[in-house]
Amino acid sequence: MEKILFLNGSPRLKGNTRFALKTLEEQIDKTKSEVEFIDVTKFNVAGCIACDSCKRNGGKCFMNDNTNELVQKIVDADTLIFGSPVYWWGISAQLKALIDKMYSKAHDTELTDKKKRVGLISVGADEIGAEQYNIISSQFRCICEYLGWEFFIDEAISAHNPNDLSAQNETLSLLKELGESLN
């Protein structure tokens with residue numbers, strides 16, 4: 001059974017990013033896929049300090065936080081769907097900290113042995129096509145290229161105020177189609 005992991009990087013648990021990811025998730029046939037949805041901001045993930053202790057402890061971060069648990073979920077998943085609001089031309093700090101901590105597994109083959117599919121949903125206040133979406137997309141393309149993963153969903157959404165997305169019927173239809181493509 002395919003494992004699909006949603007990683008919501010938004011601290012707004014009733015915000016547009018989470019709503020977009022949940023719209024995708026609702027379309028998945030749970031009899032064919034094992035689905036897990038994680039609100040990253042509910043976990044404690046300290047920033048990487050580049051100590052390289054993970055290289056010496058079998059890919060385990062020494063910090064007493066949720067890093068090892070969350071990174072292992074990333075390793076175990078077949079498909080990863082990342083979602084983040086756009087903060088100052090990038091993803092949220094909480095999601096970035098987790099992505100940085102993937103470094104703990106990057107030097108053994110745990111992250112590269114399994115060819116994962118990766119999706120990205122970026123939600124910002126700026127119009128679609130603005131540079132901030134390109135910067136975020138480029139970062140994820142580079143990560144996928146480096147790890148040998150397939151970057152198959154790259155969707156930018158313009159929605160600023162709470163509930164903006166719920167009124168965007170065309171965008172919701174697209175998200176539902178993308179969700180169905182995960183089956």
# chains A, B, ... in the order shown; residues from 1 in each chain; ligands from 1
call {"tool": "select_by_dssp", "arguments": {"residues": "stretch 8-183 of chain A", "states": "alpha helix (DSSP H)", "output": "number ranges by chain"}}
result
A: 16-25, 53-56, 67-76, 93-101, 103-106, 131-147, 169-180
call {"tool": "closest_atom_pairs", "arguments": {"of": "stretch 52-104 of chain A", "to": "stretch 145-149 of chain A", "cutoff": "12 Å", "atoms": "only C-alpha atoms", "output": "JSON lines"}}
result
{"residue": "A:Val75", "atom": "CA", "partner": "A:Leu147", "partner_atom": "CA", "distance": 11.6}
{"residue": "A:Asp78", "atom": "CA", "partner": "A:Trp149", "partner_atom": "CA", "distance": 10.0}
{"residue": "A:Thr79", "atom": "CA", "partner": "A:Trp149", "partner_atom": "CA", "distance": 9.6}
{"residue": "A:Leu80", "atom": "CA", "partner": "A:Trp149", "partner_atom": "CA", "distance": 10.1}
{"residue": "A:Met102", "atom": "CA", "partner": "A:Leu147", "partner_atom": "CA", "distance": 10.8}
{"residue": "A:Tyr103", "atom": "CA", "partner": "A:Leu147", "partner_atom": "CA", "distance": 10.9}
call {"tool": "write_last_selection", "arguments": {"atoms": "all heavy atoms", "output": "tab-separated table (two decimals), in the first residue's frame"}}
result
chain	number	residue	atom	x	y	z
A	75	VAL	N	11.19	9.48	5.35
A	75	VAL	CA	11.91	8.34	4.77
A	75	VAL	C	10.94	7.24	4.37
A	75	VAL	O	11.04	6.66	3.29
A	75	VAL	CB	12.98	7.81	5.76
A	75	VAL	CG1	13.52	6.45	5.32
A	75	VAL	CG2	14.10	8.82	5.92
A	78	ASP	N	6.08	7.12	0.44
A	78	ASP	CA	6.30	7.00	-1.00
A	78	ASP	C	6.05	8.33	-1.70
A	78	ASP	O	6.71	8.66	-2.68
A	78	ASP	CB	5.34	5.95	-1.59
A	78	ASP	CG	5.53	4.59	-0.97
A	78	ASP	OD1	6.64	4.03	-1.11
A	78	ASP	OD2	4.58	4.09	-0.33
A	79	THR	N	5.07	9.06	-1.20
A	79	THR	CA	4.70	10.36	-1.76
A	79	THR	C	4.66	11.39	-0.64
A	79	THR	O	4.09	11.13	0.42
A	79	THR	CB	3.31	10.28	-2.45
A	79	THR	OG1	3.38	9.33	-3.52
A	79	THR	CG2	2.89	11.62	-3.01
A	80	LEU	N	5.26	12.53	-0.90
A	80	LEU	CA	5.28	13.64	0.06
A	80	LEU	C	4.57	14.83	-0.56
A	80	LEU	O	4.88	15.21	-1.68
A	80	LEU	CB	6.72	14.05	0.38
A	80	LEU	CG	7.64	12.98	0.95
A	80	LEU	CD1	9.09	13.43	0.91
A	80	LEU	CD2	7.23	12.67	2.38
A	102	MET	N	16.33	17.01	7.26
A	102	MET	CA	16.44	15.83	6.39
A	102	MET	C	17.91	15.51	6.10
A	102	MET	O	18.25	14.39	5.75
A	102	MET	CB	15.67	16.03	5.08
A	102	MET	CG	14.18	15.97	5.26
A	102	MET	SD	13.16	16.40	3.80
A	102	MET	CE	14.17	16.17	2.39
A	103	TYR	N	18.76	16.48	6.27
A	103	TYR	CA	20.20	16.31	6.12
A	103	TYR	C	20.71	15.12	6.94
A	103	TYR	O	21.64	14.44	6.53
A	103	TYR	CB	20.91	17.60	6.56
A	103	TYR	CG	22.41	17.52	6.63
A	103	TYR	CD1	23.17	17.67	5.48
A	103	TYR	CD2	23.07	17.32	7.83
A	103	TYR	CE1	24.56	17.61	5.53
A	103	TYR	CE2	24.45	17.26	7.90
A	103	TYR	CZ	25.19	17.40	6.75
A	103	TYR	OH	26.56	17.34	6.81
call {"tool": "residues_around", "arguments": {"residues": "stretch 65-72 of chain A", "least_positions_apart": "2", "cutoff": "12 Å", "atoms": "only C-alpha atoms", "output": "PyMOL selection string"}}
result
chain A and resi 5-7+36-48+54+57-63+74-77+80+94-95+97-106+110-111
call {"tool": "residues_around", "arguments": {"residues": "A:Ala156", "least_positions_apart": "4", "cutoff": "8 Å", "atoms": "only C-alpha atoms", "output": "ChimeraX atom specification"}}
result
/A:121-124,128,133
call {"tool": "closest_residue", "arguments": {"among": "A:Lys176, A:Lys32, A:His160, A:Lys22", "to": "A:Asn8", "atoms": "only C-alpha atoms"}}
result
A:Lys22
call {"tool": "select_by_dssp", "arguments": {"residues": "stretch 59-132 of chain A", "states": "strand (DSSP E)", "output": "ChimeraX atom specification"}}
result
/A:79-85,117-124
call {"tool": "closest_residue", "arguments": {"among": "A:Ser53, A:Asn161, A:Ser84, A:Ser10", "to": "A:Gly119", "atoms": "only C-alpha atoms"}}
result
A:Ser84
